[in-house]
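What follows is a short report on a single structure.
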Amino acid sequence: MAKQLNVVVWNEFRHEKTKEEVKALYPNGLHAVIKEFLDEDTTLNVRLAALDDPDQGLPDEVLNQTDVLIWWGHKSHKDVSDELTQKIRDRVFLGMGFIALHSGHHSKPFRAIIGTNGNLSWGRNQKEVIWNLMPSHPITKGIPDHFILESEELYSEPFYIPQPDALLFGAWFEDGHIFRAGACFHRGAGKVFYFQPGHETCRSFFNPYVRTIIRNAVHWAAPNETGYEITDECPHLLDKVTDEFSK
Ligand code: ZN
């Protein structure tokens with residue numbers, strides 16, 4: 001059996017406590033719904049974390065054991081500490097996977113990891129068509145050439161991200177806007193996936209294709225089994241290589 005992957009679903013978890021509409025849709029938080037469908041995959045060991053938990057949900061002993069961190073934040077990005085942001089970025093550079101969902105485009109960790117401000121334009125909730133641009137990629141496995149979300153928040157280009165290493169999904173919105181809805185980045189030893197659906201008043205996290213994409217992304221973003229430890233330093237290798245040649 002494949003190794004259990006430690007997955008943390010981090011949610012700001014404030015809209016669900018203050019807005020009736022969101023509470024009705026996600027009574028235990030949208031992160032609980034994400035955990036519920038990820039739990040169907042027995043190779044995943046999924047836990048929840050929230051901004052108002054001790055250590056903002058990610059004490060060192062949890063973060064250091066995390067293989068893939070899923071992030072949903074919106075109105076309280078600024079409340080995430082700079083210290084935690086840097087720890088997350090450093091963990092990604094050493095191999096931890098990071099998946100930013102929806103308004104996570106503006107989260108401190110996502111911006112720190114990818115290196116741009118992640119700005120975009122946005123508008124009213126409306127119908128969205130998501131096109132599969134890369135059927136050969138592991139994250140698009142099981143996804144048809146397109147699928148429709150009846151109501152999602154309009155996100156529009158220009159989206160100020162670095163040129164993605166792989167662009168998996170393109171979105172069309174009924175007001176005529178387009179958006180790079182799913183994009184992969186490699187940062188150091190880590191893999192990063194941004195995925196646009198998931199506004200707090202919409203039902204996208206109940207869509208079977210959205211669920212498949214997030215589950216596939218967890219497996220894709222998991223650290224590779226390297227057989228050696230990746231550390232935050234530049235080791236001096238000359239002696240080691242010389243030793244191997246002289247055997
Ligand atoms: Zn939103």
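Quick note on naming: the chains in the structure tokens go A, B, ... in the order shown, residues restart at 1 in each chain, and ligands are numbered from 1 in order of appearance.
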
Distance table requested - chain A against ligand 1, cut-off 6 Å, only C-alpha atoms and all ligand atoms: one row per qualifying residue with the closest atom pair and its distance in Å to one decimal, ordered by chain and rising residue number, as JSON lines.
```
{"residue": "A:Ser103", "atom": "CA", "partner": "ligand 1", "partner_atom_place_in_ligand_line": "1 (Zn)", "distance": 5.5}
{"residue": "A:Glu153", "atom": "CA", "partner": "ligand 1", "partner_atom_place_in_ligand_line": "1 (Zn)", "distance": 5.9}
{"residue": "A:His199", "atom": "CA", "partner": "ligand 1", "partner_atom_place_in_ligand_line": "1 (Zn)", "distance": 3.9}
```

Please dump the current selection as a PDB file, in the first residue's frame; keep C-alpha atoms.
```pdb
ATOM      1  CA  SER A 103      -9.157  33.612  -2.777  1.00  0.00           C
ATOM      2  CA  GLU A 153     -17.442  34.263  -8.378  1.00  0.00           C
ATOM      3  CA  HIS A 199     -16.171  31.065  -3.310  1.00  0.00           C
TER       4      HIS A 199
END
```

Using the chain letters and numbers from this document, which residues of region 45-239 of chain A does DSSP assign to strand (DSSP E or B), as a ChimeraX atom specification?
/A:45-50,68-72,97-101,121-132,146-156,166-173,178-187,190-195

Among the residues A:Pro208, A:Glu157, A:Val218, A:Ala49, the one that comes closest to Ile143 (chain A) [using only C-alpha atoms]:
A:Pro208

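Remark: for Glu174 (chain A), the closest of the candidate residues A:Pro144, A:Gln126, A:Val80, A:Glu200 is A:Gln126 (distances computed over only C-alpha atoms).
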
If you count only C-alpha atoms, which residues fall within 9 Å of Phe206 (chain A), apart from same-chain ones fewer than 2 positions away, as a PyMOL selection string?
chain A and resi 33-34+37+203-204+208-211

What is the distance, in Å and to one decimal place, between CA of Phe195 (chain A) and CA of Ala183 (chain A)?
6.8 Å

Would you kindly return, as number ranges by chain, each protein, DNA or RNA residue with an atom no farther than 10 Å from any atom of Ala166 (chain A), considering only C-alpha atoms and excluding same-chain residues fewer than 3 positions away?
A: 133-134, 137, 163, 169, 182-186, 193

Among the residues A:Tyr228, A:Tyr26, A:Phe179, A:Tyr160, the one that comes closest to Thr116 (chain A) [using only C-alpha atoms]
A:Tyr160

May I have the residues within 8 Å of Ile148 (chain A) as a CSV table (one decimal) with C-alpha atoms, in the first residue's frame, using only C-alpha atoms and disregarding those fewer than 2 positions away in the same chain?
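Here's the written file selection-v4.csv:
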```
chain,number,residue,atom,x,y,z
A,127,LYS,CA,-22.0,30.6,-14.7
A,128,GLU,CA,-18.5,29.4,-15.4
A,129,VAL,CA,-17.2,26.9,-17.9
A,130,ILE,CA,-13.8,25.3,-17.0
A,146,HIS,CA,-14.9,20.9,-20.0
A,150,GLU,CA,-23.6,27.0,-12.4
```

Residues at most 12 Å from Gln65 (chain A), counting only C-alpha atoms, excluding those fewer than 5 positions away in the same chain, as a list of chain:residue names?
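Using only C-alpha atoms, the neighbours found are A:Gln4, A:Leu5, A:Asn6, A:Val7, A:Val8, A:Asn45, A:Val46, A:Arg47, A:Leu58, A:Pro59, A:Asp60, A:Ile88, A:Arg91, A:Gly95, A:Met96, A:Gly97, A:Pro223.
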
Could you state the separation of CA of Glu152 (chain A) and CA of His219 (chain A) in Å, given to one decimal place?
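Separation between CA of Glu152 (chain A) and CA of His219 (chain A): 25.4 Å.
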
Nearest residue to Gly123 (chain A) from the set A:His105, A:His177, A:Arg187, A:Lys17 (distances using only C-alpha atoms)
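Ranked by minimum distance to Gly123 (chain A), first place goes to A:His177.
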
So how far away is CA of Gly73 (chain A) from CA of Asp145 (chain A), in Å?
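CA of Asp145 (chain A) sits 28.9 Å away from CA of Gly73 (chain A).
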
Per-residue DSSP, region 9-199 of chain A, filtered to helix (DSSP H, G or I), as a PDB file with C-alpha atoms, in the first residue's frame:
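Result went into states.pdb, see below:
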```
ATOM      1  CA  HIS A  15     -17.123  33.673   7.113  1.00  0.00           C
ATOM      2  CA  GLU A  16     -18.824  30.463   8.294  1.00  0.00           C
ATOM      3  CA  LYS A  17     -19.213  31.949  11.786  1.00  0.00           C
ATOM      4  CA  THR A  18     -20.427  35.403  10.755  1.00  0.00           C
ATOM      5  CA  GLU A  20     -25.697  33.133   7.628  1.00  0.00           C
ATOM      6  CA  GLU A  21     -25.530  32.249   3.936  1.00  0.00           C
ATOM      7  CA  VAL A  22     -22.104  30.687   4.340  1.00  0.00           C
ATOM      8  CA  LYS A  23     -23.011  28.988   7.616  1.00  0.00           C
ATOM      9  CA  ALA A  24     -25.993  27.342   5.912  1.00  0.00           C
ATOM     10  CA  LEU A  25     -23.811  25.941   3.135  1.00  0.00           C
ATOM     11  CA  LEU A  30     -15.700  24.598   4.077  1.00  0.00           C
ATOM     12  CA  HIS A  31     -12.503  22.850   5.178  1.00  0.00           C
ATOM     13  CA  ALA A  32     -14.659  20.139   6.812  1.00  0.00           C
ATOM     14  CA  VAL A  33     -16.367  19.490   3.464  1.00  0.00           C
ATOM     15  CA  ILE A  34     -12.973  19.229   1.741  1.00  0.00           C
ATOM     16  CA  LYS A  35     -11.769  16.815   4.431  1.00  0.00           C
ATOM     17  CA  GLU A  36     -14.937  14.743   4.030  1.00  0.00           C
ATOM     18  CA  PHE A  37     -14.344  13.994   0.357  1.00  0.00           C
ATOM     19  CA  LEU A  38     -10.575  13.582   0.777  1.00  0.00           C
ATOM     20  CA  PRO A  54      -3.547  27.824  18.646  1.00  0.00           C
ATOM     21  CA  ASP A  55      -0.452  28.716  16.587  1.00  0.00           C
ATOM     22  CA  GLN A  56      -2.827  29.716  13.778  1.00  0.00           C
ATOM     23  CA  GLY A  57      -3.542  26.031  13.228  1.00  0.00           C
ATOM     24  CA  ASP A  60       5.804  23.327  14.155  1.00  0.00           C
ATOM     25  CA  GLU A  61       5.086  19.693  15.039  1.00  0.00           C
ATOM     26  CA  VAL A  62       2.141  19.687  12.602  1.00  0.00           C
ATOM     27  CA  LEU A  63       3.706  21.758   9.823  1.00  0.00           C
ATOM     28  CA  HIS A  77      -5.018  37.257   5.001  1.00  0.00           C
ATOM     29  CA  LYS A  78      -3.269  40.012   6.964  1.00  0.00           C
ATOM     30  CA  ASP A  79      -3.880  38.177  10.257  1.00  0.00           C
ATOM     31  CA  ASP A  82       4.793  36.723   8.877  1.00  0.00           C
ATOM     32  CA  GLU A  83       6.585  34.078  10.913  1.00  0.00           C
ATOM     33  CA  LEU A  84       4.146  31.349   9.887  1.00  0.00           C
ATOM     34  CA  THR A  85       4.190  32.585   6.280  1.00  0.00           C
ATOM     35  CA  GLN A  86       7.948  32.211   6.144  1.00  0.00           C
ATOM     36  CA  LYS A  87       7.850  28.762   7.751  1.00  0.00           C
ATOM     37  CA  ILE A  88       5.322  27.594   5.135  1.00  0.00           C
ATOM     38  CA  ARG A  89       7.377  29.021   2.282  1.00  0.00           C
ATOM     39  CA  ASP A  90      10.538  27.385   3.606  1.00  0.00           C
ATOM     40  CA  ARG A  91       8.748  24.033   3.970  1.00  0.00           C
ATOM     41  CA  VAL A  92       7.567  24.247   0.347  1.00  0.00           C
ATOM     42  CA  PHE A  93      11.109  24.973  -0.831  1.00  0.00           C
ATOM     43  CA  HIS A 102      -9.892  30.394  -4.744  1.00  0.00           C
ATOM     44  CA  SER A 103      -9.157  33.612  -2.777  1.00  0.00           C
ATOM     45  CA  GLY A 104      -5.945  31.974  -1.571  1.00  0.00           C
ATOM     46  CA  HIS A 105      -4.448  33.777  -4.599  1.00  0.00           C
ATOM     47  CA  HIS A 106      -3.975  36.728  -2.238  1.00  0.00           C
ATOM     48  CA  LYS A 108       0.528  35.640   2.317  1.00  0.00           C
ATOM     49  CA  PRO A 109       1.926  32.104   1.864  1.00  0.00           C
ATOM     50  CA  PHE A 110       0.926  31.890  -1.827  1.00  0.00           C
ATOM     51  CA  ARG A 111       2.424  35.293  -2.605  1.00  0.00           C
ATOM     52  CA  ALA A 112       5.602  34.470  -0.696  1.00  0.00           C
ATOM     53  CA  ILE A 113       5.978  31.142  -2.472  1.00  0.00           C
ATOM     54  CA  ILE A 114       5.298  32.242  -6.056  1.00  0.00           C
ATOM     55  CA  PRO A 138      -2.010  13.789 -13.473  1.00  0.00           C
ATOM     56  CA  ILE A 139      -4.244  16.488 -11.957  1.00  0.00           C
ATOM     57  CA  THR A 140      -6.665  16.338 -14.910  1.00  0.00           C
TER      58      THR A 140
END
```

For Thr231 (chain A), which of A:Pro27, A:Asp52, A:Cys202, A:Ala189 is the closest residue, counting only C-alpha atoms?
A:Ala189
